[in-house]
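Shown here: input.cif, mmCIF, C-alpha atoms.
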data_target
#
loop_
_atom_site.label_atom_id
_atom_site.label_comp_id
_atom_site.auth_asym_id
_atom_site.auth_seq_id
_atom_site.Cartn_x
_atom_site.Cartn_y
_atom_site.Cartn_z
CA MET D 1 -19.71 -72.01 -16.17
CA ILE D 2 -17.60 -69.10 -14.97
CA ALA D 3 -17.23 -66.40 -17.62
CA PRO D 4 -13.72 -66.17 -19.14
CA GLU D 5 -13.69 -62.43 -18.33
CA VAL D 6 -13.99 -63.25 -14.62
CA LEU D 7 -10.85 -65.43 -14.75
CA LEU D 8 -9.03 -62.81 -16.82
CA GLN D 9 -9.66 -60.22 -14.11
CA LYS D 10 -9.00 -62.60 -11.22
CA TYR D 11 -5.73 -64.11 -12.39
CA TYR D 12 -4.27 -61.65 -14.89
CA GLY D 13 -5.66 -58.35 -13.62
CA HIS D 14 -7.03 -57.33 -17.04
CA ALA D 15 -10.53 -55.98 -17.58
CA ALA D 16 -10.74 -56.87 -21.28
CA PHE D 17 -9.24 -59.38 -23.68
CA ARG D 18 -6.78 -58.41 -26.38
CA GLU D 19 -7.59 -58.90 -30.05
CA GLY D 20 -8.14 -62.55 -30.91
CA GLN D 21 -8.04 -63.93 -27.35
CA LYS D 22 -11.79 -64.14 -26.70
CA LYS D 23 -12.42 -65.60 -30.15
CA ALA D 24 -9.90 -68.37 -29.47
CA ILE D 25 -11.30 -69.13 -26.00
CA ASP D 26 -14.90 -69.18 -27.22
CA ALA D 27 -13.99 -71.62 -30.00
CA ILE D 28 -12.16 -73.93 -27.59
CA LEU D 29 -15.04 -73.92 -25.10
CA GLN D 30 -17.34 -74.85 -27.99
CA GLY D 31 -15.13 -77.90 -28.60
CA ARG D 32 -13.45 -76.63 -31.75
CA ASP D 33 -9.82 -76.95 -32.80
CA VAL D 34 -7.98 -73.63 -33.08
CA LEU D 35 -5.06 -72.35 -35.13
CA ALA D 36 -3.96 -68.94 -33.87
CA VAL D 37 -1.23 -66.82 -35.43
CA MET D 38 -0.76 -63.90 -33.05
CA PRO D 39 2.32 -61.66 -32.83
CA THR D 40 4.72 -61.65 -29.91
CA GLY D 41 3.09 -59.96 -26.95
CA ALA D 42 -0.49 -60.66 -28.09
CA GLY D 43 -1.12 -63.00 -25.15
CA LYS D 44 -1.31 -66.44 -26.77
CA SER D 45 -0.75 -68.27 -23.47
CA VAL D 46 -3.82 -66.60 -21.95
CA CYS D 47 -5.95 -68.30 -24.62
CA TYR D 48 -5.06 -71.85 -23.65
CA GLN D 49 -4.55 -71.19 -19.93
CA ILE D 50 -8.01 -69.70 -19.33
CA SER D 51 -9.57 -72.37 -21.56
CA ALA D 52 -7.82 -75.07 -19.51
CA LEU D 53 -9.27 -73.68 -16.28
CA LEU D 54 -12.78 -73.91 -17.72
CA LEU D 55 -12.46 -77.37 -19.27
CA PRO D 56 -12.81 -80.63 -17.30
CA GLY D 57 -9.75 -82.75 -16.51
CA VAL D 58 -6.24 -81.68 -17.47
CA SER D 59 -4.92 -79.82 -20.51
CA ILE D 60 -1.55 -80.72 -22.05
CA VAL D 61 0.59 -77.84 -23.32
CA ILE D 62 3.44 -78.94 -25.58
CA SER D 63 6.39 -76.56 -25.52
CA PRO D 64 9.88 -76.82 -27.08
CA LEU D 65 11.92 -75.11 -24.36
CA ILE D 66 12.63 -76.09 -20.76
CA SER D 67 13.18 -72.47 -19.74
CA LEU D 68 9.83 -71.47 -21.23
CA MET D 69 8.01 -74.22 -19.32
CA LYS D 70 9.64 -73.23 -16.05
CA ASP D 71 8.80 -69.56 -16.54
CA GLN D 72 5.18 -70.31 -17.47
CA VAL D 73 4.60 -72.71 -14.57
CA GLU D 74 6.24 -70.37 -12.08
CA ALA D 75 4.03 -67.51 -13.28
CA LEU D 76 0.94 -69.72 -12.97
CA HIS D 77 1.89 -70.71 -9.43
CA GLN D 78 2.27 -67.05 -8.49
CA MET D 79 -1.27 -66.47 -9.75
CA GLY D 80 -2.57 -69.43 -7.77
CA ILE D 81 -3.18 -71.71 -10.77
CA PRO D 82 -2.22 -75.40 -10.32
CA ALA D 83 0.27 -76.43 -13.02
CA ALA D 84 3.40 -78.56 -13.51
CA TYR D 85 5.88 -79.51 -16.22
CA ILE D 86 7.52 -82.69 -17.49
CA ASN D 87 10.86 -82.48 -19.27
CA SER D 88 14.46 -83.69 -19.00
CA SER D 89 15.24 -81.29 -16.14
CA ILE D 90 13.24 -83.31 -13.59
CA SER D 91 14.28 -86.58 -11.90
CA SER D 92 12.45 -89.90 -12.23
CA GLU D 93 11.07 -89.41 -8.74
CA GLU D 94 9.76 -85.95 -9.64
CA PHE D 95 8.26 -87.33 -12.85
CA PHE D 96 6.26 -90.05 -11.10
CA GLN D 97 5.21 -87.67 -8.33
CA THR D 98 3.92 -85.22 -10.96
CA MET D 99 2.04 -88.03 -12.72
CA TYR D 100 0.48 -89.16 -9.45
CA LEU D 101 -0.68 -85.65 -8.54
CA ALA D 102 -2.04 -85.12 -12.05
CA GLN D 103 -4.02 -88.36 -11.80
CA GLN D 104 -5.44 -87.10 -8.50
CA GLY D 105 -6.70 -83.96 -10.26
CA GLN D 106 -4.17 -81.62 -8.64
CA TYR D 107 -3.20 -79.91 -11.92
CA LYS D 108 -5.30 -78.22 -14.58
CA ILE D 109 -2.35 -77.50 -16.88
CA LEU D 110 0.57 -79.82 -17.59
CA TYR D 111 3.46 -78.59 -19.76
CA VAL D 112 5.22 -81.42 -21.59
CA ALA D 113 8.32 -81.56 -23.77
CA PRO D 114 7.52 -83.16 -27.15
CA GLU D 115 10.25 -85.77 -26.59
CA ARG D 116 8.28 -87.16 -23.63
CA LEU D 117 4.98 -87.72 -25.42
CA MET D 118 5.64 -91.16 -26.88
CA THR D 119 7.41 -92.67 -23.86
CA GLU D 120 5.65 -95.71 -22.42
CA SER D 121 5.20 -94.16 -18.98
CA PHE D 122 3.64 -90.96 -20.30
CA LEU D 123 1.34 -92.77 -22.72
CA ARG D 124 0.17 -94.95 -19.84
CA PHE D 125 -0.56 -91.84 -17.79
CA ALA D 126 -2.29 -90.07 -20.69
CA SER D 127 -4.63 -93.03 -21.14
CA SER D 128 -5.64 -92.94 -17.47
CA VAL D 129 -6.79 -89.32 -17.16
CA THR D 130 -9.27 -87.01 -18.86
CA ILE D 131 -7.34 -84.84 -21.33
CA SER D 132 -9.64 -82.12 -22.59
CA MET D 133 -7.15 -80.17 -24.71
CA VAL D 134 -3.75 -80.52 -26.31
CA ALA D 135 -2.27 -77.06 -26.92
CA VAL D 136 0.81 -76.79 -29.13
CA ASP D 137 2.89 -73.72 -28.29
CA GLU D 138 5.42 -72.40 -30.84
CA ALA D 139 3.49 -74.48 -33.38
CA HIS D 140 5.69 -73.34 -36.29
CA CYS D 141 8.25 -75.86 -34.98
CA VAL D 142 6.22 -78.62 -36.66
CA SER D 143 6.93 -77.25 -40.15
CA GLN D 144 10.17 -77.68 -42.06
CA TRP D 145 9.29 -74.34 -43.65
CA GLY D 146 9.43 -72.76 -40.20
CA GLN D 147 12.54 -71.19 -38.70
CA ASP D 148 12.70 -73.51 -35.66
CA PHE D 149 11.79 -76.96 -36.99
CA ARG D 150 11.80 -79.65 -34.29
CA GLN D 151 11.71 -83.29 -35.40
CA SER D 152 10.06 -84.25 -32.11
CA TYR D 153 7.02 -82.09 -32.95
CA LEU D 154 6.07 -84.68 -35.56
CA ASP D 155 5.22 -87.02 -32.66
CA ILE D 156 2.33 -84.80 -31.58
CA PRO D 157 -0.34 -86.12 -33.99
CA VAL D 158 0.82 -89.68 -33.30
CA PHE D 159 0.42 -89.05 -29.56
CA VAL D 160 -3.09 -87.65 -30.04
CA GLN D 161 -4.06 -90.75 -32.01
CA GLN D 162 -3.03 -92.95 -29.07
CA LEU D 163 -5.48 -91.29 -26.67
CA PRO D 164 -8.75 -93.06 -25.85
CA VAL D 165 -10.74 -89.95 -26.77
CA ARG D 166 -9.48 -87.24 -29.13
CA PRO D 167 -9.15 -83.96 -27.21
CA ILE D 168 -9.58 -80.45 -28.58
CA CYS D 169 -6.36 -79.63 -30.44
CA THR D 170 -5.04 -76.08 -30.58
CA ALA D 171 -1.93 -74.55 -32.12
CA PHE D 172 -0.38 -71.16 -31.36
CA THR D 173 2.52 -69.33 -32.97
CA ALA D 174 3.77 -65.76 -33.26
CA THR D 175 4.90 -65.83 -36.87
CA ALA D 176 3.81 -68.05 -39.73
CA THR D 177 3.82 -67.55 -43.46
CA VAL D 178 0.87 -68.95 -45.42
CA GLN D 179 2.94 -72.07 -46.16
CA VAL D 180 3.81 -72.65 -42.49
CA GLU D 181 0.22 -72.02 -41.42
CA GLU D 182 -1.03 -74.69 -43.82
CA ASP D 183 1.70 -77.07 -42.64
CA ILE D 184 0.64 -76.63 -39.02
CA ALA D 185 -3.00 -77.43 -39.80
CA ALA D 186 -2.14 -80.45 -41.94
CA ILE D 187 0.65 -82.02 -39.88
CA LEU D 188 -1.16 -81.62 -36.55
CA GLN D 189 -4.32 -82.94 -38.23
CA LEU D 190 -6.46 -80.10 -36.96
CA GLN D 191 -10.15 -80.66 -37.72
CA GLN D 192 -11.79 -77.64 -39.36
CA PRO D 193 -9.98 -75.32 -36.96
CA GLU D 194 -11.10 -71.83 -36.06
CA ARG D 195 -8.37 -69.74 -37.66
CA ILE D 196 -7.37 -66.59 -35.83
CA LYS D 197 -4.85 -64.23 -37.34
CA THR D 198 -4.39 -60.89 -35.63
CA GLY D 199 -2.54 -58.00 -37.22
CA PHE D 200 1.23 -57.78 -37.20
CA ASP D 201 1.24 -54.00 -37.56
CA ARG D 202 2.94 -52.82 -34.38
CA LYS D 203 2.42 -49.06 -34.40
CA ASN D 204 4.63 -48.61 -31.34
CA LEU D 205 7.57 -50.37 -32.98
CA PHE D 206 10.00 -48.39 -35.14
CA PHE D 207 11.77 -50.44 -37.84
CA GLY D 208 15.13 -49.32 -39.15
CA VAL D 209 17.88 -50.63 -41.44
CA ARG D 210 21.26 -48.89 -41.33
CA ARG D 211 24.39 -49.45 -43.42
CA PRO D 212 27.09 -47.95 -41.20
CA ARG D 213 30.79 -47.79 -42.04
CA SER D 214 31.51 -49.28 -38.63
CA LYS D 215 28.88 -51.52 -37.09
CA MET D 216 30.56 -51.46 -33.69
CA GLU D 217 30.59 -47.65 -33.56
CA GLU D 218 26.95 -47.55 -34.67
CA LEU D 219 26.05 -50.12 -32.03
CA LEU D 220 27.74 -48.12 -29.28
CA GLU D 221 25.93 -45.00 -30.46
CA LEU D 222 22.58 -46.80 -30.29
CA ILE D 223 23.31 -48.19 -26.83
CA ARG D 224 24.31 -44.69 -25.64
CA GLU D 225 21.07 -43.31 -27.02
CA PHE D 226 19.07 -45.93 -25.13
CA ARG D 227 21.24 -45.97 -22.02
CA GLY D 228 19.34 -47.37 -19.05
CA LYS D 229 16.91 -49.21 -21.32
CA SER D 230 16.57 -52.96 -21.82
CA GLY D 231 17.83 -54.32 -25.13
CA ILE D 232 18.72 -57.45 -27.10
CA VAL D 233 21.59 -57.50 -29.62
CA TYR D 234 21.32 -60.43 -32.04
CA CYS D 235 24.47 -61.75 -33.74
CA THR D 236 24.78 -64.49 -36.35
CA THR D 237 27.74 -66.34 -34.82
CA ARG D 238 29.00 -67.23 -31.35
CA LYS D 239 32.24 -65.42 -32.14
CA SER D 240 30.34 -62.20 -32.87
CA VAL D 241 28.39 -62.59 -29.63
CA GLU D 242 31.62 -62.82 -27.65
CA GLU D 243 33.22 -59.86 -29.44
CA VAL D 244 30.18 -57.58 -29.13
CA CYS D 245 29.59 -58.47 -25.49
CA ASP D 246 33.25 -57.79 -24.64
CA VAL D 247 33.14 -54.38 -26.37
CA LEU D 248 29.96 -53.38 -24.52
CA CYS D 249 31.34 -54.51 -21.16
CA ASP D 250 34.63 -52.68 -21.79
CA ALA D 251 32.60 -49.55 -22.58
CA GLY D 252 30.99 -49.79 -19.16
CA TYR D 253 27.63 -51.30 -20.04
CA ALA D 254 26.01 -54.10 -18.03
CA ALA D 255 25.82 -56.72 -20.78
CA THR D 256 25.66 -60.50 -20.80
CA ARG D 257 25.64 -63.18 -23.51
CA TYR D 258 23.73 -66.24 -24.66
CA HIS D 259 24.63 -68.88 -27.24
CA ALA D 260 24.71 -72.65 -27.62
CA GLY D 261 28.42 -72.86 -26.81
CA LEU D 262 27.86 -71.92 -23.17
CA SER D 263 27.03 -74.43 -20.45
CA ASP D 264 23.39 -74.87 -19.45
CA ALA D 265 24.17 -73.33 -16.07
CA GLU D 266 25.76 -70.21 -17.56
CA ARG D 267 22.96 -69.73 -20.09
CA ALA D 268 20.39 -70.00 -17.31
CA ARG D 269 22.33 -67.57 -15.10
CA ASN D 270 22.81 -65.04 -17.90
CA GLN D 271 19.15 -65.25 -18.88
CA GLU D 272 18.09 -64.57 -15.30
CA ASP D 273 20.47 -61.60 -15.09
CA PHE D 274 18.75 -60.16 -18.14
CA LEU D 275 15.18 -60.97 -17.14
CA TYR D 276 15.64 -59.48 -13.68
CA ASP D 277 17.39 -56.39 -15.06
CA GLN D 278 20.75 -57.11 -13.42
CA LYS D 279 22.28 -56.87 -16.89
CA PRO D 280 19.79 -55.09 -19.15
CA ILE D 281 21.66 -55.80 -22.40
CA MET D 282 21.62 -59.33 -23.81
CA VAL D 283 23.96 -60.20 -26.69
CA ALA D 284 22.83 -63.47 -28.25
CA THR D 285 22.48 -65.73 -31.23
CA ASN D 286 18.98 -66.74 -32.32
CA ALA D 287 19.19 -69.47 -29.65
CA PHE D 288 17.84 -66.81 -27.28
CA GLY D 289 14.34 -65.47 -27.21
CA MET D 290 11.69 -68.04 -28.03
CA GLY D 291 9.09 -67.84 -25.31
CA ILE D 292 10.87 -65.09 -23.37
CA ASP D 293 8.11 -63.38 -21.44
CA LEU D 294 9.51 -59.88 -20.95
CA ASP D 295 7.44 -56.80 -21.69
CA SER D 296 10.07 -54.16 -21.07
CA VAL D 297 12.49 -54.65 -23.99
CA ASP D 298 12.93 -51.19 -25.55
CA LEU D 299 15.47 -52.02 -28.24
CA VAL D 300 16.27 -54.98 -30.48
CA ILE D 301 19.42 -54.59 -32.58
CA HIS D 302 20.43 -57.05 -35.26
CA PHE D 303 24.20 -56.73 -35.49
CA ASN D 304 24.02 -59.06 -38.49
CA MET D 305 21.33 -59.73 -41.06
CA PRO D 306 19.12 -62.71 -40.04
CA LEU D 307 18.69 -65.70 -42.32
CA SER D 308 15.04 -64.93 -43.07
CA LEU D 309 12.30 -62.35 -42.71
CA THR D 310 10.51 -64.76 -40.38
CA ASP D 311 13.51 -64.75 -38.03
CA TYR D 312 13.70 -60.98 -38.26
CA MET D 313 10.00 -60.48 -37.59
CA GLN D 314 9.90 -62.79 -34.59
CA GLN D 315 13.07 -61.41 -33.00
CA SER D 316 12.18 -57.77 -33.65
CA GLY D 317 8.75 -58.39 -32.16
CA ARG D 318 10.31 -58.92 -28.74
CA ALA D 319 10.66 -55.15 -28.45
CA GLY D 320 7.80 -53.02 -27.18
CA ARG D 321 5.52 -55.77 -25.95
CA ASN D 322 4.27 -53.40 -23.24
CA GLY D 323 2.83 -51.12 -25.91
CA GLN D 324 5.40 -48.39 -25.28
CA LYS D 325 7.54 -46.92 -28.05
CA ALA D 326 10.38 -49.29 -29.00
CA HIS D 327 12.94 -49.71 -31.76
CA ALA D 328 14.11 -52.59 -33.95
CA VAL D 329 17.28 -51.66 -35.84
CA LEU D 330 19.20 -53.85 -38.27
CA LEU D 331 22.86 -53.03 -38.95
CA TYR D 332 23.45 -54.31 -42.46
CA SER D 333 26.47 -54.91 -44.65
CA ASP D 334 27.03 -56.91 -47.84
CA GLU D 335 29.32 -59.18 -45.83
CA ASP D 336 26.29 -60.39 -43.86
CA TYR D 337 24.83 -62.01 -46.95
CA TYR D 338 27.99 -64.01 -47.65
CA THR D 339 28.35 -65.01 -44.01
CA ASN D 340 24.81 -66.38 -44.10
CA LEU D 341 25.53 -68.14 -47.38
CA ALA D 342 28.42 -69.92 -45.68
CA ILE D 343 26.16 -70.89 -42.77
CA LEU D 344 23.59 -72.33 -45.16
CA HIS D 345 26.25 -74.29 -47.05
CA ASP D 346 27.62 -75.71 -43.81
CA GLY D 347 24.13 -76.89 -42.92
CA HIS D 348 23.36 -78.50 -46.31
CA PRO D 349 21.58 -75.68 -48.15
CA THR D 350 18.09 -76.08 -49.55
CA LEU D 351 16.33 -74.08 -52.24
CA ARG D 352 13.91 -72.92 -49.54
CA GLY D 353 16.74 -71.61 -47.36
CA MET D 354 18.30 -69.76 -50.27
CA GLU D 355 14.96 -68.20 -51.23
CA GLN D 356 14.43 -66.98 -47.68
CA LEU D 357 17.93 -65.50 -47.51
CA ASP D 358 17.46 -63.71 -50.85
CA MET D 359 14.16 -62.24 -49.63
CA MET D 360 15.91 -61.00 -46.49
CA LYS D 361 18.59 -59.32 -48.60
CA GLU D 362 15.96 -57.69 -50.84
CA PHE D 363 14.27 -56.32 -47.75
CA CYS D 364 17.54 -54.79 -46.53
CA ASP D 365 18.35 -53.32 -49.95
CA ASP D 366 14.88 -51.82 -50.49
CA ASN D 367 15.06 -48.06 -49.91
CA GLU D 368 11.71 -47.19 -51.47
CA HIS D 369 8.94 -49.21 -49.82
CA CYS D 370 7.59 -49.04 -46.28
CA MET D 371 9.32 -51.70 -44.18
CA ALA D 372 6.15 -52.57 -42.26
CA GLN D 373 4.26 -53.08 -45.54
CA LEU D 374 6.98 -55.43 -46.81
CA LEU D 375 6.93 -57.43 -43.58
CA LEU D 376 3.15 -57.70 -43.45
CA GLY D 377 3.06 -58.78 -47.08
CA ARG D 378 5.37 -61.65 -46.21
CA PHE D 379 2.75 -62.91 -43.76
CA GLY D 380 -0.22 -62.51 -46.07
CA GLN D 381 -1.48 -59.16 -44.76
CA LYS D 382 -1.84 -55.77 -46.40
CA MET D 383 -1.41 -52.15 -45.32
CA LYS D 384 -3.06 -49.50 -47.46
CA LYS D 385 -0.66 -46.80 -46.32
CA GLY D 386 2.91 -46.65 -45.09
CA CYS D 387 3.53 -47.02 -41.37
CA LYS D 388 5.14 -43.55 -41.05
CA HIS D 389 7.50 -44.91 -38.40
CA CYS D 390 10.21 -46.82 -40.29
CA THR D 391 13.39 -45.41 -41.81
CA VAL D 392 12.00 -45.56 -45.37
CA CYS D 393 8.75 -43.76 -44.48
CA GLN D 394 10.67 -41.10 -42.58
CA LYS D 395 13.07 -40.63 -45.50
CA ASN D 396 10.19 -40.32 -47.97
CA ARG D 397 8.44 -37.82 -45.72
CA ARG D 398 11.58 -35.66 -45.58
CA LYS D 399 11.76 -35.72 -49.41
CA LYS D 400 8.20 -34.39 -49.70
CA LYS D 401 9.06 -31.51 -47.43
#
Could I get this file's structure written as structure tokens?
Amino acid sequence: MIAPEVLLQKYYGHAAFREGQKKAIDAILQGRDVLAVMPTGAGKSVCYQISALLLPGVSIVISPLISLMKDQVEALHQMGIPAAYINSSISSEEFFQTMYLAQQGQYKILYVAPERLMTESFLRFASSVTISMVAVDEAHCVSQWGQDFRQSYLDIPVFVQQLPVRPICTAFTATATVQVEEDIAAILQLQQPERIKTGFDRKNLFFGVRRPRSKMEELLELIREFRGKSGIVYCTTRKSVEEVCDVLCDAGYAATRYHAGLSDAERARNQEDFLYDQKPIMVATNAFGMGIDLDSVDLVIHFNMPLSLTDYMQQSGRAGRNGQKAHAVLLYSDEDYYTNLAILHDGHPTLRGMEQLDMMKEFCDDNEHCMAQLLLGRFGQKMKKGCKHCTVCQKNRRKKK
């Protein structure tokens, strides 16, 4: 068998694996299930892609987003790796052509939307080919404790049960609390999985919470400071997205927007403008970002407080994926809490949702403890010392002087 390191060099141009990648690949090649919680930018896709190339037959990758599938498959094609996707964006003719080519052994990796798994045509196909691995990307979507719960993800274990031979089952996510991690293992029925949990301490990422008198003025000051850099501005509501984007454009910045109220065509166009640096500032709701494969984001600004620390961690983690110095800044006001309360009430609030919102507020109000320590504690990890690169650590250091 070809060594995984050979494929890493050949297709990805890297001489060595990042933390956790080789452990995941080795476990998969030994026939073990895997549950990997690795932060944004840690290279989760490399784990199942290289494994798929070394396993017989085809590997199924289940992904929640059409745009993510397209980006991943396009990147694989550019590397010379045979792959395809099946989702609602393709025609019936394209679907059956993809199935035919897959049956002929033309693809090693097949991305599939969870909604397609239990269709009669796909089940018939899945029973006719050798499926060595089912990899679940964004696996937190299976848990109602997760921030992006997808009802269709509950079909995954049912689909696996329908297969003639149970494949290796793997699950990957960037952020998962202990509760979500246990949900993933239980709901997906992973069998004694190899658990891989790499550190969330991003030493290149500066965390900051500010309580400005005017959020818009503070935002403009931040954008001026990082002029020419790539950044994402997260807003809670579509209205805020529109207002912030208009202000930035009026101020002469190349900004675009992304939220669920736009047409599919406009969202796709705006996302491409951002990814290809035509408009380096993206103003968006949390509908934007999952699976975005962009290393060069220098700044993530939360114009409003997110609903949970999990949301905040995942969105902030999109900055500095290239290892260069980056900033994640939250502009906080008491009004944010009440806006989020209203959002929760409109969506039938749960005790869990309220607890998560209260924890987010406590994080914003805490002026004494290292922000990185608080975040890591939320995900079951510990830091012995402060990070020295968040607003609280910097403030405490100035006091000692």
message: Using all atoms listed in the file, which protein or nucleic acid residues come within 10 Å of Val73 (chain D)? Drop anything in the same chain fewer than 5 positions from it, and give the result as an MDAnalysis selection string.
response: chainID D and resid 68 78:79 81:85 109:111
message: Which residues would end up in the selection if the PyMOL selection byres ((chain D and resi 254) around 10) were applied here, given that I need the answer as a list in words?
response: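 Evaluating the PyMOL selection byres ((chain D and resi 254) around 10) on these coordinates yields Gly228, Cys245, Leu248, Cys249, Asp250, Ala251, Gly252, Tyr253, Ala255, Thr256, Asp273, Phe274, Asp277, Gln278, Lys279, Pro280, Ile281 and Met282 of chain D.
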task: Check which residues satisfy the PyMOL selection byres ((chain D and resi 312) around 10) in the file shown, then give them as a list in words.
output: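 When the PyMOL selection byres ((chain D and resi 312) around 10) is applied, the selected residues are Tyr234, Asn286, His302, Met305, Pro306, Leu307, Ser308, Leu309, Thr310, Asp311, Met313, Gln314, Gln315, Ser316, Gly317, Ala328, Leu330, Met360 and Leu375 of chain D.
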- request: May I ask which of the residues D:Asp365, D:Leu222, D:Ile196, D:Leu35 is the closest one to Val136 (chain D), counting only C-alpha atoms?
  value: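 Among the listed residues, D:Leu35 lies closest to Val136 (chain D).
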query: Selected by the PyMOL selection byres ((chain D and resi 147-154) around 8) in the shown coordinates: which residues, as a PyMOL selection string?
result: chain D and resi 64+114-115+140-146+155-158+187-188+310-311
Residue subset to file, keeping C-alpha atoms, as a short mmCIF file (atom, residue, chain, number, x, y, z; two decimals), keeping the file's coordinate frame:
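Saved the output as part_21.cif:
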data_model
loop_
_atom_site.label_atom_id
_atom_site.label_comp_id
_atom_site.auth_asym_id
_atom_site.auth_seq_id
_atom_site.Cartn_x
_atom_site.Cartn_y
_atom_site.Cartn_z
CA PRO D 64 9.88 -76.82 -27.08
CA PRO D 114 7.52 -83.16 -27.15
CA GLU D 115 10.25 -85.77 -26.59
CA HIS D 140 5.69 -73.34 -36.29
CA CYS D 141 8.25 -75.86 -34.98
CA VAL D 142 6.22 -78.62 -36.66
CA SER D 143 6.93 -77.25 -40.15
CA GLN D 144 10.17 -77.68 -42.06
CA TRP D 145 9.29 -74.34 -43.65
CA GLY D 146 9.43 -72.76 -40.20
CA ASP D 155 5.22 -87.02 -32.66
CA ILE D 156 2.33 -84.80 -31.58
CA PRO D 157 -0.34 -86.12 -33.99
CA VAL D 158 0.82 -89.68 -33.30
CA ILE D 187 0.65 -82.02 -39.88
CA LEU D 188 -1.16 -81.62 -36.55
CA THR D 310 10.51 -64.76 -40.38
CA ASP D 311 13.51 -64.75 -38.03
#
- prompt: Ala176 (chain D): which residues within 9 Å, counting only C-alpha atoms, same-chain residues fewer than 2 positions away excluded, as a PyMOL selection string?
  reply: chain D and resi 37+140+146+173-174+178-181+310+379
- request: Write out as a list in words each polymer residue whose atoms come within 12 Å of Ala102 (chain D), counting all atoms listed in the file; drop sequence neighbours fewer than 5 positions from it.
  value: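 In the requested form, the answer reads Gly57, Val58, Ser59, Ile60, Pro82, Ala83, Ala84, Tyr85, Ile86, Phe95, Phe96, Gln97, Tyr107, Lys108, Ile109, Leu110, Tyr111, Phe122, Phe125, Ala126, Ser128, Val129, Thr130 and Ile131 of chain D.
Minimum distance to Glu5 (chain D) across D:Ser230, D:Ala36, D:Glu138, D:Ser51 (counting all atoms listed in the file) occurs at D:Ser51.
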message: Excluding region 336-340 of chain D and its own-chain neighbours fewer than 5 positions away, which residues fall within 12 Å of it when counting only C-alpha atoms? Please give them as a ChimeraX atom specification.
response: /D:211,215,235-237,240,302-308,330-331,345-347,349,353-354,356-362,364-365
Produce a file of the selected residues containing C-alpha atoms, as a short mmCIF file (atom, residue, chain, number, x, y, z; two decimals), in the frame of the given file.
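Final file, part-v8.cif:
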data_model
loop_
_atom_site.label_atom_id
_atom_site.label_comp_id
_atom_site.auth_asym_id
_atom_site.auth_seq_id
_atom_site.Cartn_x
_atom_site.Cartn_y
_atom_site.Cartn_z
CA ARG D 211 24.39 -49.45 -43.42
CA LYS D 215 28.88 -51.52 -37.09
CA CYS D 235 24.47 -61.75 -33.74
CA THR D 236 24.78 -64.49 -36.35
CA THR D 237 27.74 -66.34 -34.82
CA SER D 240 30.34 -62.20 -32.87
CA HIS D 302 20.43 -57.05 -35.26
CA PHE D 303 24.20 -56.73 -35.49
CA ASN D 304 24.02 -59.06 -38.49
CA MET D 305 21.33 -59.73 -41.06
CA PRO D 306 19.12 -62.71 -40.04
CA LEU D 307 18.69 -65.70 -42.32
CA SER D 308 15.04 -64.93 -43.07
CA LEU D 330 19.20 -53.85 -38.27
CA LEU D 331 22.86 -53.03 -38.95
CA HIS D 345 26.25 -74.29 -47.05
CA ASP D 346 27.62 -75.71 -43.81
CA GLY D 347 24.13 -76.89 -42.92
CA PRO D 349 21.58 -75.68 -48.15
CA GLY D 353 16.74 -71.61 -47.36
CA MET D 354 18.30 -69.76 -50.27
CA GLN D 356 14.43 -66.98 -47.68
CA LEU D 357 17.93 -65.50 -47.51
CA ASP D 358 17.46 -63.71 -50.85
CA MET D 359 14.16 -62.24 -49.63
CA MET D 360 15.91 -61.00 -46.49
CA LYS D 361 18.59 -59.32 -48.60
CA GLU D 362 15.96 -57.69 -50.84
CA CYS D 364 17.54 -54.79 -46.53
CA ASP D 365 18.35 -53.32 -49.95
#
